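Input: a single structure, listed below in structure tokens.
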Amino acid sequence: MPSDLRPDVSAHIFDGKSLSLDIQREVAIEVSALKERGVEPRLAVVIAGDDPASHVYVRNKERACERCGILSTRVDMIATSTLEEIVEVVERLNSDSSIHGILVQSPAPKGVDELAIASSILPQKDVDGFHPVNLGRLVQGDSGGLLPCTPSGVMRILEASGVNIEGSRAVVLGRSRIVGMPMALMLAQKGSDATVTIAHSRTADIEAICSEADILVAAVGSAHMVGAHWVKPGAFVIDVGISRVEGRLAGDVSPEVSEIAGWLTPVPGGVGPMTIAMLMRNTLRAAEWQAD
């Protein structure tokens, strides 16, 4: 275990909201400089349906845009929108030179292929980082593109904490294209140099595997799945999952883990705000590239 992880003490709770605001202040300064060159970064968010959580997430993104000085355009579509209708909107935004970033809020309407939506967004405007071109660059070890926001936020959390990733054993619980798979790639790439295991619903002895991790990233969306016996004393536990239990938000990690882990991200207030911060940074980066 890397020497800078903290065994035998209650977990240090990482303040993702504070770091997120710091990043947004940095983005605001860079946005101001870009505006002086005559470029006003603009993010377009497409939302189809009336899912309450999705509307909350979109409002949070709009507020972040205001803090950063990024223009925000919202396109509301009905819950019965088809793939063809959503792609038609995306293509219109693709061709609008005043739009630098495009995001289609998940979940998509029932039966609509989200990968097809992601593939329809121009790679240079894909601020979610889900286009096959952007994910493919990451597979090749190129982290200079538009990276998925949640894994990027996790990496910034680890960086800010001062934990040494190099040589650590990391376990990513979950294998989605949105979080799990890109998270594993980022942890393993040169410069990070963790030894990474991806665990999922078909993994044998999953509890034992997780309990050996110096860094454990839980991203399955199953409330309180990760118990104290899943966690190595002093480990850095990052809770990406989010569920609603009895009207309250809950992560994948059970509360008693705070007595075992060295570091723990809370839900809410941990990874969620960081995801939004990295979305703002991606939007800025996309605007800079399109201005050059």
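Scheme for the structure tokens: letters A, B, ... for chains in order shown; per-chain residue numbers from 1; ligand numbers from 1 in order shown.
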Query - Within 6 Å of range 109-113 of chain A using only C-alpha atoms, minus same-chain residues under 2 positions, as a list in words - result: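 Once the adjacent positions are removed, what remains is Ala79, Leu83, Leu115 and Ala116 of chain A.
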Go ahead and save the residues from that selection, with C-alpha atoms, as a PDB file, in the first residue's frame.
ATOM      1  CA  ALA A  79     -40.342  12.031 -23.570  1.00  0.00           C
ATOM      2  CA  LEU A  83     -33.561   8.560 -32.036  1.00  0.00           C
ATOM      3  CA  LEU A 115     -24.392   5.213 -28.046  1.00  0.00           C
ATOM      4  CA  ALA A 116     -25.961   6.208 -31.361  1.00  0.00           C
TER       5      ALA A 116
END
**Report entry** Within 12 Å of Cys210 in chain A using only C-alpha atoms, minus same-chain residues under 3 positions, as a ChimeraX atom specification
**Finding:** /A:169-174,196-200,203-207,213-218,225-233,235-237
For the selection you just gave me, I'd like the residues written to a file as a compact mmCIF listing (two decimals), in the first residue's frame, keeping C-alpha atoms.
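New file selection-v6.txt:
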# COMPACT_ATOMS: atom_id res chain seq x y z
CA ARG A 169 -3.54 -1.39 -6.65
CA ALA A 170 -6.80 0.07 -7.95
CA VAL A 171 -10.14 -1.68 -8.34
CA VAL A 172 -12.90 -0.16 -10.46
CA LEU A 173 -16.28 -1.59 -9.56
CA GLY A 174 -18.37 -1.27 -12.71
CA VAL A 196 -6.01 -1.85 -12.24
CA THR A 197 -8.64 -4.56 -11.84
CA ILE A 198 -12.14 -4.11 -13.26
CA ALA A 199 -14.77 -5.88 -11.16
CA HIS A 200 -18.40 -6.36 -12.15
CA THR A 203 -16.63 -11.26 -10.97
CA ALA A 204 -15.91 -14.18 -8.64
CA ASP A 205 -14.91 -13.31 -5.05
CA ILE A 206 -15.67 -9.65 -5.69
CA GLU A 207 -15.54 -8.71 -2.02
CA ALA A 213 -7.53 -2.25 -3.32
CA ASP A 214 -5.53 0.80 -2.29
CA ILE A 215 -7.92 2.82 -4.47
CA LEU A 216 -11.50 1.60 -4.83
CA VAL A 217 -13.84 3.32 -7.29
CA ALA A 218 -17.46 2.20 -6.89
CA MET A 225 -23.44 -2.24 -1.96
CA VAL A 226 -19.88 -1.75 -0.71
CA GLY A 227 -19.73 -2.66 2.97
CA ALA A 228 -16.92 -2.20 5.46
CA HIS A 229 -15.63 -5.73 4.85
CA TRP A 230 -15.09 -4.85 1.18
CA VAL A 231 -12.55 -2.16 2.05
CA LYS A 232 -8.86 -2.33 2.88
CA PRO A 233 -7.99 -0.28 5.97
CA ALA A 235 -7.89 2.77 1.29
CA PHE A 236 -9.03 5.70 -0.84
CA VAL A 237 -12.71 4.97 -1.60
With the cut-off set at 10 Å and counting only C-alpha atoms, tabulate each residue of range 56-160 of chain A with an atom at most that distance from an atom of range 279-290 of chain A, showing the nearest atom pair and its distance in Å to one decimal, ordered by chain and increasing number, as CSV.
residue,atom,partner,partner_atom,distance
A:Lys61,CA,A:Leu279,CA,8.4
A:Ala64,CA,A:Met280,CA,7.4
A:Cys65,CA,A:Met280,CA,7.0
A:Arg67,CA,A:Met280,CA,9.8
A:Cys68,CA,A:Met280,CA,7.5
A:Gly69,CA,A:Met280,CA,9.9
A:Ile70,CA,A:Met280,CA,8.1
A:Ser97,CA,A:Gln290,CA,8.7
A:Ser98,CA,A:Ala287,CA,9.3
A:Ile99,CA,A:Ala287,CA,8.5
A:His100,CA,A:Ala287,CA,5.2
A:Gly101,CA,A:Thr283,CA,5.5
A:Ile102,CA,A:Thr283,CA,8.6
A:Leu103,CA,A:Leu279,CA,9.4
A:Pro123,CA,A:Ala286,CA,9.5
A:Gln124,CA,A:Ala286,CA,6.2
A:Lys125,CA,A:Ala286,CA,6.2
A:Asp126,CA,A:Ala286,CA,8.2
A:Val127,CA,A:Asn282,CA,5.4
A:Asp128,CA,A:Leu279,CA,6.8
A:Gly129,CA,A:Asn282,CA,8.4
A:Gly145,CA,A:Asn282,CA,8.9
A:Leu146,CA,A:Asn282,CA,6.1
A:Leu147,CA,A:Asn282,CA,7.7
A:Pro148,CA,A:Leu279,CA,8.5
A:Cys149,CA,A:Leu279,CA,5.7
A:Thr150,CA,A:Leu279,CA,8.7
A:Ser152,CA,A:Leu279,CA,9.4
A:Gly153,CA,A:Leu279,CA,9.2
Could those selected residues go to a file with C-alpha atoms, as a PDB file, in the first residue's frame?
ATOM      1  CA  LYS A  61     -25.064  22.576 -15.282  1.00  0.00           C
ATOM      2  CA  ALA A  64     -22.162  26.233 -13.464  1.00  0.00           C
ATOM      3  CA  CYS A  65     -22.196  27.842 -16.902  1.00  0.00           C
ATOM      4  CA  ARG A  67     -20.443  30.945 -12.774  1.00  0.00           C
ATOM      5  CA  CYS A  68     -17.924  30.302 -15.540  1.00  0.00           C
ATOM      6  CA  GLY A  69     -19.259  32.882 -17.984  1.00  0.00           C
ATOM      7  CA  ILE A  70     -20.201  30.166 -20.481  1.00  0.00           C
ATOM      8  CA  SER A  97     -20.657  27.523 -35.291  1.00  0.00           C
ATOM      9  CA  SER A  98     -21.770  29.457 -32.192  1.00  0.00           C
ATOM     10  CA  ILE A  99     -22.225  26.165 -30.303  1.00  0.00           C
ATOM     11  CA  HIS A 100     -18.924  24.762 -29.004  1.00  0.00           C
ATOM     12  CA  GLY A 101     -20.153  21.915 -26.822  1.00  0.00           C
ATOM     13  CA  ILE A 102     -23.123  19.550 -27.089  1.00  0.00           C
ATOM     14  CA  LEU A 103     -24.479  17.320 -24.342  1.00  0.00           C
ATOM     15  CA  PRO A 123     -16.027  14.713 -31.713  1.00  0.00           C
ATOM     16  CA  GLN A 124     -14.774  18.275 -31.260  1.00  0.00           C
ATOM     17  CA  LYS A 125     -18.111  19.264 -29.659  1.00  0.00           C
ATOM     18  CA  ASP A 126     -18.504  16.083 -27.604  1.00  0.00           C
ATOM     19  CA  VAL A 127     -17.986  17.625 -24.169  1.00  0.00           C
ATOM     20  CA  ASP A 128     -19.242  14.463 -22.444  1.00  0.00           C
ATOM     21  CA  GLY A 129     -16.279  12.608 -23.975  1.00  0.00           C
ATOM     22  CA  GLY A 145      -8.710  15.042 -26.011  1.00  0.00           C
ATOM     23  CA  LEU A 146     -12.146  15.563 -24.518  1.00  0.00           C
ATOM     24  CA  LEU A 147     -12.215  13.034 -21.691  1.00  0.00           C
ATOM     25  CA  PRO A 148     -15.313  11.633 -19.940  1.00  0.00           C
ATOM     26  CA  CYS A 149     -16.179  14.070 -17.179  1.00  0.00           C
ATOM     27  CA  THR A 150     -16.753  11.765 -14.218  1.00  0.00           C
ATOM     28  CA  SER A 152     -11.656  13.063 -15.145  1.00  0.00           C
ATOM     29  CA  GLY A 153     -13.181  14.428 -11.964  1.00  0.00           C
TER      30      GLY A 153
END
Requested in this report: Please indicate the distance in Å from CA of Glu88 in chain A to CA of Arg42 in chain A, rounded to one decimal place.
Outcome: 19.3 Å
Query raised in the report: Rounded to one decimal in Å, what is the spacing between CA of Gln24 in chain A and CA of Ala277 in chain A?
Result: 5.9 Å
Report task. Going by DSSP on the backbone, which bits of range 70-131 of chain A are helix (DSSP H, G or I)? Write them as a list in words, please. Result ->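 Residues meeting the helix (DSSP H, G or I) criterion: Leu83, Glu84, Glu85, Ile86, Val87, Glu88, Val89, Val90, Glu91, Arg92, Leu93, Asn94, Glu114, Leu115, Ala116, Ile117, Ala118, Ser119, Ser120, Pro123, Gln124 and Lys125 of chain A.
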